[in-house]
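Scroll down for the structure; my scribbles are underneath it.
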Amino acid sequence: MILIADGGSTKANWCLIHPENEVLYFSTEGYNPYYVDSHYIHQSLHNALPAEVPRAEVTAVHFYGAGCEPSTEAVIIQGLSALFEHAEVTVGSDLLAAAQALLGNKPGFAAILGTGTNTCLYDGKQVIHSIDPLGYMLGDEGSGSYIGKKLLTAYCREYLPLPLRQEFLAVYGLTKERIMERVYKDPMANRFCAGFTKFVKQHLNDPYIHQLAADAFHDFFRSLVCHYPGYEGYTLNCVGSIAFHFEEILKETAMHYGMTTGRIIQDPIQGLADYYHSKISAMKG
């Protein structure tokens, strides 16, 4: 049995593939190795694992997640190995998971547009080139946190049209002072900012809001996508809630920069399951 996980800092989606290709999906809390240790992972997953997952029969665990890098992978490996004693555990980045889910074993361009942003070129097996997104303070163009920051800036500077400002205040009850405090003192300020994409999505018919979202995706292309050599020769493939919910504007922006759109999916776990199914079938064939 093969167990696959796509994990963020708050939530992880899992897929168990049986030898007969039966599939079980479930979710747990997320395990970012920058925030939790091996003991925490072991205890948390021990309590959250569904009864339908026979731990002793799992032969391989493939864990992809936020914060998973060569310097931190030992935290994940130790935590999972203590639980799945007969399994080989491998750890990969969330960016590799996105590429495998979107492209399978074919080379191409893949991106994550969720709370944060990430992009890469993929050769069908590994990420071969990635421009550092720099996080929400310096970069993450096109992400939920980036769009949210643009909305908060427009609100605090009173650029947002009056009816929208009034509705924003009625919905969130936030003053400029409270927003500044949350953005500069909250350790999870990126999530705070990203939370306002719901307001943007609900008001896309307003010309000001539509342009605000479009500008965020233009920045995504100008700052990241267009710096990949020959980017126009690739299709734009994206995973993440922002890519999924703002798909039409994203497609329009890609067209503006001469790039056609390939796959856009909200969650990579189904694509990862398909990727490993194809690997298993190839091995059997």
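All residue names refer to the structure tokens as shown: chains lettered A, B, ... in order, residues numbered from 1 in each chain, ligands numbered from 1 in order.
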
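Every protein or nucleic acid residue with an atom no more than 10 Å from A:Tyr146, counting only C-alpha atoms and leaving out same-chain residues fewer than 4 positions away, appears here: Gly114, Thr115, Gly116, Thr117, Gly135, Tyr136, Met137, Leu138, Gly139, Asp140, Glu141, Gly142, Lys150, Leu151, Leu152, Asn190, Cys193, Ala194, Thr197, Ala213, Ala216, Phe217, Asp219 and Phe220 of chain A.
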
Shell of 12 Å around A:Leu169, only C-alpha atoms, local chain residues under 3 positions omitted, as a PyMOL selection string = chain A and resi 152+155-156+158+160+162-166+172-176+178-179+199

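Counting only C-alpha atoms and comparing A:Leu121, A:Ala56, A:Cys226, A:Ala12, the residue that lies closest to A:Pro268 is A:Ala12.
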
Looking only at strand (DSSP E) from DSSP on the backbone, list the matching residues of stretch 47-189 of chain A as a ChimeraX atom specification.
-> /A:60-65,88-93,108-113,117-122,127-129

Please produce an output containing N, CA, C and O atoms for each residue in the selection, written as a JSON list (two decimals), in the first residue's frame.
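Ended up saving to result32.json:
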[["chain", "number", "residue", "atom", "x", "y", "z"],
["A", 60, "ALA", "N", 5.09, 2.31, 1.51],
["A", 60, "ALA", "CA", 5.74, 3.55, 1.08],
["A", 60, "ALA", "C", 4.86, 4.74, 1.46],
["A", 60, "ALA", "O", 3.64, 4.70, 1.31],
["A", 61, "VAL", "N", 5.51, 5.78, 1.96],
["A", 61, "VAL", "CA", 4.83, 7.04, 2.27],
["A", 61, "VAL", "C", 5.55, 8.16, 1.51],
["A", 61, "VAL", "O", 6.76, 8.34, 1.66],
["A", 62, "HIS", "N", 4.79, 8.88, 0.70],
["A", 62, "HIS", "CA", 5.35, 10.01, -0.05],
["A", 62, "HIS", "C", 4.70, 11.28, 0.49],
["A", 62, "HIS", "O", 3.51, 11.52, 0.26],
["A", 63, "PHE", "N", 5.47, 12.07, 1.23],
["A", 63, "PHE", "CA", 4.94, 13.26, 1.88],
["A", 63, "PHE", "C", 5.48, 14.51, 1.18],
["A", 63, "PHE", "O", 6.69, 14.70, 1.08],
["A", 64, "TYR", "N", 4.56, 15.34, 0.68],
["A", 64, "TYR", "CA", 4.92, 16.61, 0.06],
["A", 64, "TYR", "C", 4.32, 17.72, 0.92],
["A", 64, "TYR", "O", 3.17, 17.62, 1.35],
["A", 65, "GLY", "N", 5.10, 18.79, 1.15],
["A", 65, "GLY", "CA", 4.49, 19.81, 1.98],
["A", 65, "GLY", "C", 5.24, 21.12, 2.05],
["A", 65, "GLY", "O", 6.41, 21.23, 1.65],
["A", 88, "GLU", "N", 8.96, 2.79, 3.45],
["A", 88, "GLU", "CA", 10.00, 3.72, 3.03],
["A", 88, "GLU", "C", 9.35, 5.10, 2.93],
["A", 88, "GLU", "O", 8.32, 5.26, 2.26],
["A", 89, "VAL", "N", 9.93, 6.09, 3.59],
["A", 89, "VAL", "CA", 9.36, 7.43, 3.61],
["A", 89, "VAL", "C", 10.20, 8.37, 2.76],
["A", 89, "VAL", "O", 11.42, 8.46, 2.94],
["A", 90, "THR", "N", 9.56, 9.06, 1.83],
["A", 90, "THR", "CA", 10.23, 10.08, 1.03],
["A", 90, "THR", "C", 9.51, 11.41, 1.24],
["A", 90, "THR", "O", 8.30, 11.45, 1.49],
["A", 91, "VAL", "N", 10.27, 12.49, 1.14],
["A", 91, "VAL", "CA", 9.73, 13.83, 1.39],
["A", 91, "VAL", "C", 10.06, 14.73, 0.21],
["A", 91, "VAL", "O", 11.19, 14.71, -0.31],
["A", 92, "GLY", "N", 9.08, 15.49, -0.23],
["A", 92, "GLY", "CA", 9.28, 16.43, -1.33],
["A", 92, "GLY", "C", 8.59, 17.74, -1.05],
["A", 92, "GLY", "O", 7.75, 17.86, -0.15],
["A", 93, "SER", "N", 8.90, 18.74, -1.84],
["A", 93, "SER", "CA", 8.32, 20.07, -1.66],
["A", 93, "SER", "C", 6.89, 20.11, -2.21],
["A", 93, "SER", "O", 6.50, 19.29, -3.05],
["A", 108, "GLY", "N", 7.22, 20.63, -18.26],
["A", 108, "GLY", "CA", 6.42, 21.82, -18.46],
["A", 108, "GLY", "C", 6.60, 22.84, -17.35],
["A", 108, "GLY", "O", 7.51, 22.74, -16.52],
["A", 109, "PHE", "N", 5.69, 23.80, -17.34],
["A", 109, "PHE", "CA", 5.69, 24.88, -16.35],
["A", 109, "PHE", "C", 4.55, 24.63, -15.37],
["A", 109, "PHE", "O", 3.43, 24.31, -15.77],
["A", 110, "ALA", "N", 4.84, 24.76, -14.08],
["A", 110, "ALA", "CA", 3.83, 24.57, -13.04],
["A", 110, "ALA", "C", 3.93, 25.69, -12.01],
["A", 110, "ALA", "O", 5.01, 26.21, -11.76],
["A", 111, "ALA", "N", 2.78, 26.02, -11.42],
["A", 111, "ALA", "CA", 2.75, 27.09, -10.43],
["A", 111, "ALA", "C", 1.76, 26.78, -9.33],
["A", 111, "ALA", "O", 0.79, 26.02, -9.53],
["A", 112, "ILE", "N", 2.02, 27.35, -8.17],
["A", 112, "ILE", "CA", 1.09, 27.33, -7.05],
["A", 112, "ILE", "C", 0.59, 28.76, -6.85],
["A", 112, "ILE", "O", 1.39, 29.69, -6.73],
["A", 113, "LEU", "N", -0.72, 28.93, -6.83],
["A", 113, "LEU", "CA", -1.32, 30.22, -6.50],
["A", 113, "LEU", "C", -2.36, 29.97, -5.41],
["A", 113, "LEU", "O", -3.52, 29.67, -5.69],
["A", 117, "THR", "N", 2.73, 32.03, -3.35],
["A", 117, "THR", "CA", 2.99, 31.77, -4.77],
["A", 117, "THR", "C", 4.27, 30.95, -4.90],
["A", 117, "THR", "O", 5.20, 31.11, -4.10],
["A", 118, "ASN", "N", 4.32, 30.08, -5.90],
["A", 118, "ASN", "CA", 5.56, 29.43, -6.27],
["A", 118, "ASN", "C", 5.47, 28.99, -7.72],
["A", 118, "ASN", "O", 4.36, 28.72, -8.22],
["A", 119, "THR", "N", 6.59, 28.92, -8.41],
["A", 119, "THR", "CA", 6.61, 28.59, -9.83],
["A", 119, "THR", "C", 7.83, 27.74, -10.14],
["A", 119, "THR", "O", 8.83, 27.79, -9.41],
["A", 120, "CYS", "N", 7.76, 26.98, -11.24],
["A", 120, "CYS", "CA", 8.92, 26.17, -11.60],
["A", 120, "CYS", "C", 8.82, 25.66, -13.03],
["A", 120, "CYS", "O", 7.75, 25.67, -13.65],
["A", 121, "LEU", "N", 9.98, 25.20, -13.51],
["A", 121, "LEU", "CA", 10.05, 24.35, -14.70],
["A", 121, "LEU", "C", 10.32, 22.94, -14.22],
["A", 121, "LEU", "O", 11.11, 22.72, -13.29],
["A", 122, "TYR", "N", 9.69, 21.98, -14.87],
["A", 122, "TYR", "CA", 9.70, 20.57, -14.43],
["A", 122, "TYR", "C", 10.08, 19.71, -15.63],
["A", 122, "TYR", "O", 9.59, 19.94, -16.75],
["A", 127, "VAL", "N", 11.87, 19.15, -10.29],
["A", 127, "VAL", "CA", 11.90, 20.59, -10.53],
["A", 127, "VAL", "C", 13.32, 20.95, -10.95],
["A", 127, "VAL", "O", 14.29, 20.65, -10.24],
["A", 128, "ILE", "N", 13.46, 21.58, -12.11],
["A", 128, "ILE", "CA", 14.81, 21.89, -12.61],
["A", 128, "ILE", "C", 15.14, 23.39, -12.54],
["A", 128, "ILE", "O", 16.31, 23.77, -12.65],
["A", 129, "HIS", "N", 14.14, 24.22, -12.35],
["A", 129, "HIS", "CA", 14.40, 25.66, -12.23],
["A", 129, "HIS", "C", 13.23, 26.32, -11.52],
["A", 129, "HIS", "O", 12.08, 26.07, -11.86]]

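Between A:Pro107 and the residues A:Tyr25, A:Tyr234, A:Phe244, A:Tyr228, the shortest atom-to-atom distance, using only C-alpha atoms, involves A:Tyr234.
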
What's the 12 Å shell around A:Phe246, counting only C-alpha atoms, without same-chain residues fewer than 6 positions away, as an MDAnalysis selection string?
-> chainID A and resid 113:114 142:144 147 197:198 200:204 210 213:214 216:217 238:240 252:253 264:266

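Interatomic distance, atom CA of A:Ala154 against atom CA of A:Val183: 14.5 Å.
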
12 Å contact set for A:Met1, only C-alpha atoms, chain neighbours under 6 positions out, as a list in words | Cys15, Leu16, Ile17, His18, Pro19, Glu20, Asn21, Glu22, Val23, Leu24, Val53, Pro54, Arg55, Ala56, Glu57, Val58, Thr59, Ala60, Val61, His62, Phe84, His86, Ala87, Glu88, Tyr276, His277 and Ile280 of chain A

Go ahead and write the residues just picked, N, CA, C and O atoms, as a short mmCIF file (atom, residue, chain, number, x, y, z; two decimals), in the first residue's frame.
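Contents of result20.cif, as written:
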data_model
loop_
_atom_site.label_atom_id
_atom_site.label_comp_id
_atom_site.auth_asym_id
_atom_site.auth_seq_id
_atom_site.Cartn_x
_atom_site.Cartn_y
_atom_site.Cartn_z
N CYS A 15 -3.95 10.34 0.60
CA CYS A 15 -4.53 9.37 -0.30
C CYS A 15 -3.84 8.02 -0.07
O CYS A 15 -2.61 7.95 -0.14
N LEU A 16 -4.60 7.00 0.22
CA LEU A 16 -4.07 5.65 0.39
C LEU A 16 -4.44 4.83 -0.84
O LEU A 16 -5.63 4.70 -1.17
N ILE A 17 -3.43 4.29 -1.52
CA ILE A 17 -3.67 3.46 -2.70
C ILE A 17 -3.43 2.00 -2.35
O ILE A 17 -2.32 1.61 -1.97
N HIS A 18 -4.47 1.19 -2.47
CA HIS A 18 -4.38 -0.25 -2.22
C HIS A 18 -3.76 -0.95 -3.42
O HIS A 18 -3.77 -0.43 -4.54
N PRO A 19 -3.25 -2.16 -3.22
CA PRO A 19 -2.68 -2.91 -4.35
C PRO A 19 -3.67 -3.13 -5.49
O PRO A 19 -3.30 -3.23 -6.65
N GLU A 20 -4.97 -3.22 -5.15
CA GLU A 20 -6.00 -3.41 -6.18
C GLU A 20 -6.45 -2.08 -6.76
O GLU A 20 -7.49 -1.99 -7.43
N ASN A 21 -5.69 -1.00 -6.48
CA ASN A 21 -5.96 0.36 -6.97
C ASN A 21 -7.18 1.01 -6.33
O ASN A 21 -7.68 2.01 -6.83
N GLU A 22 -7.68 0.44 -5.24
CA GLU A 22 -8.70 1.14 -4.47
C GLU A 22 -8.05 2.34 -3.79
O GLU A 22 -6.89 2.29 -3.39
N VAL A 23 -8.82 3.42 -3.66
CA VAL A 23 -8.26 4.67 -3.14
C VAL A 23 -9.09 5.17 -1.96
O VAL A 23 -10.32 5.17 -2.01
N LEU A 24 -8.41 5.58 -0.91
CA LEU A 24 -9.06 6.19 0.26
C LEU A 24 -8.48 7.57 0.47
O LEU A 24 -7.27 7.74 0.58
N VAL A 53 -6.91 2.66 7.60
CA VAL A 53 -5.51 2.67 7.15
C VAL A 53 -4.72 1.65 7.97
O VAL A 53 -4.43 1.90 9.15
N PRO A 54 -4.37 0.51 7.40
CA PRO A 54 -3.60 -0.51 8.13
C PRO A 54 -2.11 -0.14 8.14
O PRO A 54 -1.40 -0.36 7.17
N ARG A 55 -1.65 0.42 9.22
CA ARG A 55 -0.29 0.98 9.28
C ARG A 55 0.78 -0.06 8.93
O ARG A 55 1.76 0.25 8.24
N ALA A 56 0.60 -1.28 9.39
CA ALA A 56 1.63 -2.30 9.17
C ALA A 56 1.73 -2.73 7.71
O ALA A 56 2.73 -3.31 7.29
N GLU A 57 0.70 -2.43 6.92
CA GLU A 57 0.69 -2.84 5.51
C GLU A 57 1.12 -1.73 4.56
O GLU A 57 1.21 -1.95 3.35
N VAL A 58 1.38 -0.55 5.09
CA VAL A 58 1.85 0.55 4.24
C VAL A 58 3.33 0.35 3.96
O VAL A 58 4.15 0.28 4.88
N THR A 59 3.68 0.27 2.67
CA THR A 59 5.07 0.00 2.28
C THR A 59 5.81 1.25 1.84
O THR A 59 7.05 1.25 1.78
N ALA A 60 5.09 2.31 1.51
CA ALA A 60 5.74 3.55 1.08
C ALA A 60 4.86 4.74 1.46
O ALA A 60 3.64 4.70 1.31
N VAL A 61 5.51 5.78 1.96
CA VAL A 61 4.83 7.04 2.27
C VAL A 61 5.55 8.16 1.51
O VAL A 61 6.76 8.34 1.66
N HIS A 62 4.79 8.88 0.70
CA HIS A 62 5.35 10.01 -0.05
C HIS A 62 4.70 11.28 0.49
O HIS A 62 3.51 11.52 0.26
N PHE A 84 4.78 4.34 10.66
CA PHE A 84 4.71 3.33 9.59
C PHE A 84 6.06 2.61 9.54
O PHE A 84 6.95 2.94 8.76
N HIS A 86 7.12 -0.24 8.55
CA HIS A 86 7.52 -1.07 7.42
C HIS A 86 7.55 -0.28 6.11
O HIS A 86 7.65 -0.87 5.04
N ALA A 87 7.47 1.04 6.21
CA ALA A 87 7.37 1.85 5.00
C ALA A 87 8.65 2.64 4.73
O ALA A 87 9.32 3.11 5.66
N GLU A 88 8.96 2.79 3.45
CA GLU A 88 10.00 3.72 3.03
C GLU A 88 9.35 5.10 2.93
O GLU A 88 8.32 5.26 2.26
N TYR A 276 0.77 8.49 -9.24
CA TYR A 276 1.28 7.26 -8.67
C TYR A 276 0.57 6.03 -9.23
O TYR A 276 1.17 4.95 -9.37
N HIS A 277 -0.68 6.19 -9.61
CA HIS A 277 -1.38 5.10 -10.29
C HIS A 277 -0.65 4.74 -11.59
O HIS A 277 -0.46 3.56 -11.91
N ILE A 280 2.56 2.88 -10.89
CA ILE A 280 2.30 1.50 -10.49
C ILE A 280 1.94 0.65 -11.72
O ILE A 280 2.43 -0.46 -11.89
#

Which one of A:Gly148, A:Gly79, A:Asp94, A:Ser71 sits closest to A:Gly8 if you count only C-alpha atoms?
-> A:Asp94

Between A:Ile249, A:Met259, A:Met188, A:Ala101, which is the closest to A:Asp274 once you count only C-alpha atoms?
-> A:Ala101

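Shortest separation to A:Leu103 among A:Ser44, A:Asn13, A:Asn237, A:Asn205 occurs at residue A:Asn237, atoms counted being only C-alpha atoms.
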
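Atom CA of A:Asp37 sits 12.6 Å away from atom CA of A:Ala82.
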
Which of stretch 32-279 of chain A DSSP labels alpha helix (DSSP H), written as a PyMOL selection string = chain A and resi 38-48+73-81+94-103+135-138+144-156+162-172+176-185+189-194+197-202+207-223+241-245+247-256+269-279

Suppose you want the space between atom CA of A:His39 and atom CA of A:Gly67; what is it in Å?
-> 17.1 Å

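Residues in contact range of stretch 45-48 of chain A, defined as at most 8 Å between only C-alpha atoms, with sequence neighbours fewer than 4 positions away removed, read Thr28, Ile41 and Leu83 of chain A.
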